[in-house]
Amino acid sequence: MASGSRSDSTGEVIDLARRRPMQAAYVLRHSLVGGNPKGFFEFTPEIASLTQVKLGRDMLSADEIAALPARPKMMVEARFGGTTGIPAVFGFLSRLQFISPRIRDVLEDLEPGVHRFLPIDLRSTVEIAGQTEHGEHYILLPPPLVDCVVIAETDFSKGYGIEGWMRGNNGKGGGTLSSTEGKRCTLLRNEIEGRHLWRTRVGDRFEYTCSDRFWETVKDEVMIWAPRTRCILK
């Protein structure tokens with residue numbers, strides 16, 4: 001048997017890597033490497049612009065989401081910057097994000113049943129990687145929102161710890177996590193253990209965050225996600 005697995009009393013093989021505690025988490029930033037359509041995208045049947053905004057901000061009810069067109073065609077007008085193909089993740093961190101089947105499979109493998117995906121039929125008006133039909137991709141609906149920041153041990157845009165948090169009006173008025181390289185970010189382990197992609201609540205805002213294992217699995221993909229800050233766990 002491979003060294004990375006063992007059998008329990010029922011004979012079921014257990015992946016020991018899956019049981020490894022999270023060592024760190026990464027706050028994600030928008031990377032220019034993954035690029036975005038240099039043009040626009042549109043859905044057929046149409047999904048209204050306001051509905052798209054609400055969908056990306058987790059403002060639609062389950063009934064409203066269920067009423068959306070089933071597997072709509074999404075037409076991308078132009079090529080992506082930074083890659084010759086379709087990125088594994090593209091879109092905007094604060095709005096709609098689109099993912100490849102592989103990213104969906106990774107999320108389902110790590111967190112079965114946690115994340116929500118809406119299938120789309122992706123097409124382009126010009127050839128990308130030699131074709132205009134790119135098959136099933138997915139809209140990734142916003143992942144779980146988790147309150148896990150250790151305020152007293154984190155750098156914010158207005159300063160360190162409780163003082164920086166208060167200067168930022170308790171997470172409002174620019175009181176987000178510091179984007180400066182090397183600044184400290186501390187998260188509560190018991191709130192995020194077992195998670196792999198989530199939104200970290202920072203006052204009335206949030207930061208997309210992932211586990212070290214998720215990042216190690218997808219880091220070689222071309223996508224808009226890139227690690228901005230490495231967070232320690234407490």
# chains A, B, ... in the order shown; residues from 1 in each chain; ligands from 1

call {"tool": "closest_atom_pairs", "arguments": {"of": "range 52-121 of chain A", "to": "range 208-215 of chain A", "cutoff": "12 Å", "atoms": "only C-alpha atoms", "output": "CSV"}}
result
residue,atom,partner,partner_atom,distance
A:Phe92,CA,A:Tyr208,CA,11.2
A:Leu93,CA,A:Tyr208,CA,7.5
A:Ser94,CA,A:Tyr208,CA,9.1
A:Arg95,CA,A:Tyr208,CA,11.8
A:Gln97,CA,A:Tyr208,CA,11.7
A:Ile103,CA,A:Phe214,CA,9.9
A:Arg104,CA,A:Phe214,CA,11.8
A:Asp105,CA,A:Phe214,CA,11.6
A:Val106,CA,A:Phe214,CA,7.9
A:Leu107,CA,A:Phe214,CA,8.1
A:Glu108,CA,A:Phe214,CA,11.3
A:Asp109,CA,A:Phe214,CA,10.3
A:Leu110,CA,A:Phe214,CA,7.9
A:Glu111,CA,A:Phe214,CA,10.2

call {"tool": "closest_atom_pairs", "arguments": {"of": "range 52-157 of chain A", "to": "range 175-196 of chain A", "cutoff": "10 Å", "atoms": "only C-alpha atoms", "output": "CSV"}}
result
residue,atom,partner,partner_atom,distance
A:Val106,CA,A:His196,CA,9.9
A:Leu107,CA,A:His196,CA,7.7
A:Leu110,CA,A:His196,CA,7.0
A:Glu111,CA,A:Arg195,CA,7.0
A:Val114,CA,A:Arg195,CA,9.1
A:Pro143,CA,A:His196,CA,9.8
A:Pro144,CA,A:Arg195,CA,9.3
A:Val146,CA,A:Glu191,CA,7.3
A:Asp147,CA,A:Glu191,CA,7.5
A:Cys148,CA,A:Leu188,CA,5.1
A:Val149,CA,A:Leu187,CA,4.6
A:Val150,CA,A:Leu187,CA,5.4
A:Ile151,CA,A:Thr186,CA,7.8
A:Ala152,CA,A:Thr186,CA,8.7
A:Glu153,CA,A:Thr186,CA,5.9
A:Thr154,CA,A:Cys185,CA,4.5
A:Asp155,CA,A:Arg184,CA,5.3
A:Phe156,CA,A:Leu177,CA,4.2
A:Ser157,CA,A:Ser178,CA,4.3

call {"tool": "write_last_selection", "arguments": {"atoms": "N, CA, C and O atoms", "output": "PDB file, in the first residue's frame"}}
result
ATOM      1  N   VAL A 106     -11.813  19.693  -8.033  1.00  0.00           N
ATOM      2  CA  VAL A 106     -10.935  19.852  -6.867  1.00  0.00           C
ATOM      3  C   VAL A 106     -11.747  20.287  -5.650  1.00  0.00           C
ATOM      4  O   VAL A 106     -11.599  19.738  -4.549  1.00  0.00           O
ATOM      5  N   LEU A 107     -12.621  21.275  -5.840  1.00  0.00           N
ATOM      6  CA  LEU A 107     -13.438  21.752  -4.725  1.00  0.00           C
ATOM      7  C   LEU A 107     -14.378  20.665  -4.214  1.00  0.00           C
ATOM      8  O   LEU A 107     -14.549  20.498  -2.998  1.00  0.00           O
ATOM      9  N   LEU A 110     -12.319  18.122  -2.199  1.00  0.00           N
ATOM     10  CA  LEU A 110     -11.872  18.604  -0.895  1.00  0.00           C
ATOM     11  C   LEU A 110     -13.029  18.917   0.044  1.00  0.00           C
ATOM     12  O   LEU A 110     -12.931  18.702   1.260  1.00  0.00           O
ATOM     13  N   GLU A 111     -14.124  19.457  -0.504  1.00  0.00           N
ATOM     14  CA  GLU A 111     -15.271  19.860   0.315  1.00  0.00           C
ATOM     15  C   GLU A 111     -16.567  19.395  -0.339  1.00  0.00           C
ATOM     16  O   GLU A 111     -17.309  20.196  -0.903  1.00  0.00           O
ATOM     17  N   VAL A 114     -20.211  21.349  -0.400  1.00  0.00           N
ATOM     18  CA  VAL A 114     -20.133  22.660   0.258  1.00  0.00           C
ATOM     19  C   VAL A 114     -20.378  23.796  -0.728  1.00  0.00           C
ATOM     20  O   VAL A 114     -21.107  24.747  -0.436  1.00  0.00           O
ATOM     21  N   PRO A 143     -18.506  31.460  -1.975  1.00  0.00           N
ATOM     22  CA  PRO A 143     -18.314  30.412  -0.961  1.00  0.00           C
ATOM     23  C   PRO A 143     -18.734  30.891   0.422  1.00  0.00           C
ATOM     24  O   PRO A 143     -19.070  32.070   0.610  1.00  0.00           O
ATOM     25  N   PRO A 144     -18.732  29.993   1.414  1.00  0.00           N
ATOM     26  CA  PRO A 144     -19.187  30.364   2.762  1.00  0.00           C
ATOM     27  C   PRO A 144     -18.452  31.583   3.317  1.00  0.00           C
ATOM     28  O   PRO A 144     -17.252  31.766   3.090  1.00  0.00           O
ATOM     29  N   VAL A 146     -17.045  33.391   6.555  1.00  0.00           N
ATOM     30  CA  VAL A 146     -16.579  32.913   7.861  1.00  0.00           C
ATOM     31  C   VAL A 146     -15.968  34.067   8.653  1.00  0.00           C
ATOM     32  O   VAL A 146     -15.141  34.823   8.138  1.00  0.00           O
ATOM     33  N   ASP A 147     -16.370  34.187   9.899  1.00  0.00           N
ATOM     34  CA  ASP A 147     -15.828  35.202  10.809  1.00  0.00           C
ATOM     35  C   ASP A 147     -14.665  34.560  11.557  1.00  0.00           C
ATOM     36  O   ASP A 147     -14.870  33.818  12.519  1.00  0.00           O
ATOM     37  N   CYS A 148     -13.427  34.816  11.119  1.00  0.00           N
ATOM     38  CA  CYS A 148     -12.296  34.063  11.672  1.00  0.00           C
ATOM     39  C   CYS A 148     -11.046  34.903  11.914  1.00  0.00           C
ATOM     40  O   CYS A 148      -9.999  34.360  12.289  1.00  0.00           O
ATOM     41  N   VAL A 149     -11.106  36.221  11.729  1.00  0.00           N
ATOM     42  CA  VAL A 149      -9.920  37.065  11.902  1.00  0.00           C
ATOM     43  C   VAL A 149      -9.643  37.299  13.390  1.00  0.00           C
ATOM     44  O   VAL A 149     -10.546  37.638  14.155  1.00  0.00           O
ATOM     45  N   VAL A 150      -8.383  37.103  13.797  1.00  0.00           N
ATOM     46  CA  VAL A 150      -7.948  37.461  15.145  1.00  0.00           C
ATOM     47  C   VAL A 150      -7.520  38.925  15.082  1.00  0.00           C
ATOM     48  O   VAL A 150      -6.406  39.247  14.664  1.00  0.00           O
ATOM     49  N   ILE A 151      -8.416  39.822  15.463  1.00  0.00           N
ATOM     50  CA  ILE A 151      -8.211  41.258  15.264  1.00  0.00           C
ATOM     51  C   ILE A 151      -6.936  41.751  15.942  1.00  0.00           C
ATOM     52  O   ILE A 151      -6.169  42.532  15.367  1.00  0.00           O
ATOM     53  N   ALA A 152      -6.675  41.296  17.156  1.00  0.00           N
ATOM     54  CA  ALA A 152      -5.530  41.797  17.926  1.00  0.00           C
ATOM     55  C   ALA A 152      -4.189  41.377  17.336  1.00  0.00           C
ATOM     56  O   ALA A 152      -3.150  41.929  17.714  1.00  0.00           O
ATOM     57  N   GLU A 153      -4.185  40.416  16.394  1.00  0.00           N
ATOM     58  CA  GLU A 153      -2.929  39.908  15.848  1.00  0.00           C
ATOM     59  C   GLU A 153      -2.909  39.981  14.321  1.00  0.00           C
ATOM     60  O   GLU A 153      -2.315  39.136  13.656  1.00  0.00           O
ATOM     61  N   THR A 154      -3.547  41.009  13.772  1.00  0.00           N
ATOM     62  CA  THR A 154      -3.647  41.152  12.318  1.00  0.00           C
ATOM     63  C   THR A 154      -3.379  42.596  11.907  1.00  0.00           C
ATOM     64  O   THR A 154      -3.777  43.532  12.604  1.00  0.00           O
ATOM     65  N   ASP A 155      -2.683  42.765  10.777  1.00  0.00           N
ATOM     66  CA  ASP A 155      -2.456  44.091  10.202  1.00  0.00           C
ATOM     67  C   ASP A 155      -3.629  44.465   9.302  1.00  0.00           C
ATOM     68  O   ASP A 155      -3.998  43.701   8.402  1.00  0.00           O
ATOM     69  N   PHE A 156      -4.180  45.650   9.535  1.00  0.00           N
ATOM     70  CA  PHE A 156      -5.244  46.183   8.696  1.00  0.00           C
ATOM     71  C   PHE A 156      -4.712  47.367   7.894  1.00  0.00           C
ATOM     72  O   PHE A 156      -3.602  47.857   8.139  1.00  0.00           O
ATOM     73  N   SER A 157      -5.499  47.833   6.954  1.00  0.00           N
ATOM     74  CA  SER A 157      -5.045  48.937   6.107  1.00  0.00           C
ATOM     75  C   SER A 157      -4.810  50.214   6.904  1.00  0.00           C
ATOM     76  O   SER A 157      -4.054  51.089   6.482  1.00  0.00           O
TER      77      SER A 157
END

call {"tool": "closest_atom_pairs", "arguments": {"of": "range 17-112 of chain A", "to": "range 120-140 of chain A", "cutoff": "12 Å", "atoms": "only C-alpha atoms", "output": "JSON lines"}}
result
{"residue": "A:Pro37", "atom": "CA", "partner": "A:Ser124", "partner_atom": "CA", "distance": 9.8}
{"residue": "A:Lys38", "atom": "CA", "partner": "A:Ser124", "partner_atom": "CA", "distance": 11.6}
{"residue": "A:Gly39", "atom": "CA", "partner": "A:Thr125", "partner_atom": "CA", "distance": 10.4}
{"residue": "A:Phe40", "atom": "CA", "partner": "A:Ser124", "partner_atom": "CA", "distance": 10.4}
{"residue": "A:Phe41", "atom": "CA", "partner": "A:Ser124", "partner_atom": "CA", "distance": 8.8}
{"residue": "A:Glu42", "atom": "CA", "partner": "A:Arg123", "partner_atom": "CA", "distance": 10.1}
{"residue": "A:Phe43", "atom": "CA", "partner": "A:Ile120", "partner_atom": "CA", "distance": 8.9}
{"residue": "A:Thr44", "atom": "CA", "partner": "A:Asp121", "partner_atom": "CA", "distance": 9.6}
{"residue": "A:Pro45", "atom": "CA", "partner": "A:Ile120", "partner_atom": "CA", "distance": 11.0}
{"residue": "A:Ile47", "atom": "CA", "partner": "A:Ile120", "partner_atom": "CA", "distance": 11.9}
{"residue": "A:Gln52", "atom": "CA", "partner": "A:Ile139", "partner_atom": "CA", "distance": 10.5}
{"residue": "A:Leu55", "atom": "CA", "partner": "A:Ile139", "partner_atom": "CA", "distance": 9.5}
{"residue": "A:Gly56", "atom": "CA", "partner": "A:Leu140", "partner_atom": "CA", "distance": 8.6}
{"residue": "A:Arg57", "atom": "CA", "partner": "A:Leu140", "partner_atom": "CA", "distance": 11.3}
{"residue": "A:Asp58", "atom": "CA", "partner": "A:Leu140", "partner_atom": "CA", "distance": 10.8}
{"residue": "A:Ile65", "atom": "CA", "partner": "A:Ile139", "partner_atom": "CA", "distance": 11.7}
{"residue": "A:Leu68", "atom": "CA", "partner": "A:Ile120", "partner_atom": "CA", "distance": 11.3}
{"residue": "A:Pro69", "atom": "CA", "partner": "A:Ile120", "partner_atom": "CA", "distance": 9.5}
{"residue": "A:Ala70", "atom": "CA", "partner": "A:Ile120", "partner_atom": "CA", "distance": 7.9}
{"residue": "A:Arg71", "atom": "CA", "partner": "A:Ile120", "partner_atom": "CA", "distance": 4.4}
{"residue": "A:Pro72", "atom": "CA", "partner": "A:Ile120", "partner_atom": "CA", "distance": 5.2}
{"residue": "A:Lys73", "atom": "CA", "partner": "A:Asp121", "partner_atom": "CA", "distance": 4.5}
{"residue": "A:Met74", "atom": "CA", "partner": "A:Leu122", "partner_atom": "CA", "distance": 5.0}
{"residue": "A:Met75", "atom": "CA", "partner": "A:Arg123", "partner_atom": "CA", "distance": 4.9}
{"residue": "A:Val76", "atom": "CA", "partner": "A:Ser124", "partner_atom": "CA", "distance": 4.5}
{"residue": "A:Glu77", "atom": "CA", "partner": "A:Thr125", "partner_atom": "CA", "distance": 5.1}
{"residue": "A:Ala78", "atom": "CA", "partner": "A:Val126", "partner_atom": "CA", "distance": 6.4}
{"residue": "A:Arg79", "atom": "CA", "partner": "A:Ile128", "partner_atom": "CA", "distance": 6.7}
{"residue": "A:Phe80", "atom": "CA", "partner": "A:Ile128", "partner_atom": "CA", "distance": 8.4}
{"residue": "A:Gly81", "atom": "CA", "partner": "A:Ile128", "partner_atom": "CA", "distance": 11.3}
{"residue": "A:Thr83", "atom": "CA", "partner": "A:Ala129", "partner_atom": "CA", "distance": 9.5}
{"residue": "A:Thr84", "atom": "CA", "partner": "A:Ala129", "partner_atom": "CA", "distance": 6.0}
{"residue": "A:Gly85", "atom": "CA", "partner": "A:Ala129", "partner_atom": "CA", "distance": 5.1}
{"residue": "A:Ile86", "atom": "CA", "partner": "A:Ile128", "partner_atom": "CA", "distance": 7.1}
{"residue": "A:Pro87", "atom": "CA", "partner": "A:Ile128", "partner_atom": "CA", "distance": 10.7}
{"residue": "A:Ala88", "atom": "CA", "partner": "A:His137", "partner_atom": "CA", "distance": 9.3}
{"residue": "A:Val89", "atom": "CA", "partner": "A:Leu140", "partner_atom": "CA", "distance": 9.4}
{"residue": "A:Phe90", "atom": "CA", "partner": "A:Ile139", "partner_atom": "CA", "distance": 9.8}
{"residue": "A:Gly91", "atom": "CA", "partner": "A:Ile139", "partner_atom": "CA", "distance": 9.4}
{"residue": "A:Phe92", "atom": "CA", "partner": "A:Leu140", "partner_atom": "CA", "distance": 11.0}
{"residue": "A:Leu93", "atom": "CA", "partner": "A:Leu140", "partner_atom": "CA", "distance": 10.6}
{"residue": "A:Ser94", "atom": "CA", "partner": "A:Leu140", "partner_atom": "CA", "distance": 11.9}
{"residue": "A:Arg95", "atom": "CA", "partner": "A:Leu140", "partner_atom": "CA", "distance": 10.2}
{"residue": "A:Leu96", "atom": "CA", "partner": "A:Ile139", "partner_atom": "CA", "distance": 6.9}
{"residue": "A:Gln97", "atom": "CA", "partner": "A:Leu140", "partner_atom": "CA", "distance": 5.7}
{"residue": "A:Phe98", "atom": "CA", "partner": "A:Ile139", "partner_atom": "CA", "distance": 4.6}
{"residue": "A:Ile99", "atom": "CA", "partner": "A:Tyr138", "partner_atom": "CA", "distance": 5.3}
{"residue": "A:Ser100", "atom": "CA", "partner": "A:His137", "partner_atom": "CA", "distance": 5.1}
{"residue": "A:Pro101", "atom": "CA", "partner": "A:His137", "partner_atom": "CA", "distance": 5.9}
{"residue": "A:Arg102", "atom": "CA", "partner": "A:His137", "partner_atom": "CA", "distance": 9.4}
{"residue": "A:Ile103", "atom": "CA", "partner": "A:Tyr138", "partner_atom": "CA", "distance": 9.4}
{"residue": "A:Arg104", "atom": "CA", "partner": "A:Tyr138", "partner_atom": "CA", "distance": 7.7}
{"residue": "A:Asp105", "atom": "CA", "partner": "A:Tyr138", "partner_atom": "CA", "distance": 11.0}
{"residue": "A:Leu107", "atom": "CA", "partner": "A:Leu140", "partner_atom": "CA", "distance": 10.4}
{"residue": "A:Glu108", "atom": "CA", "partner": "A:Leu140", "partner_atom": "CA", "distance": 11.9}
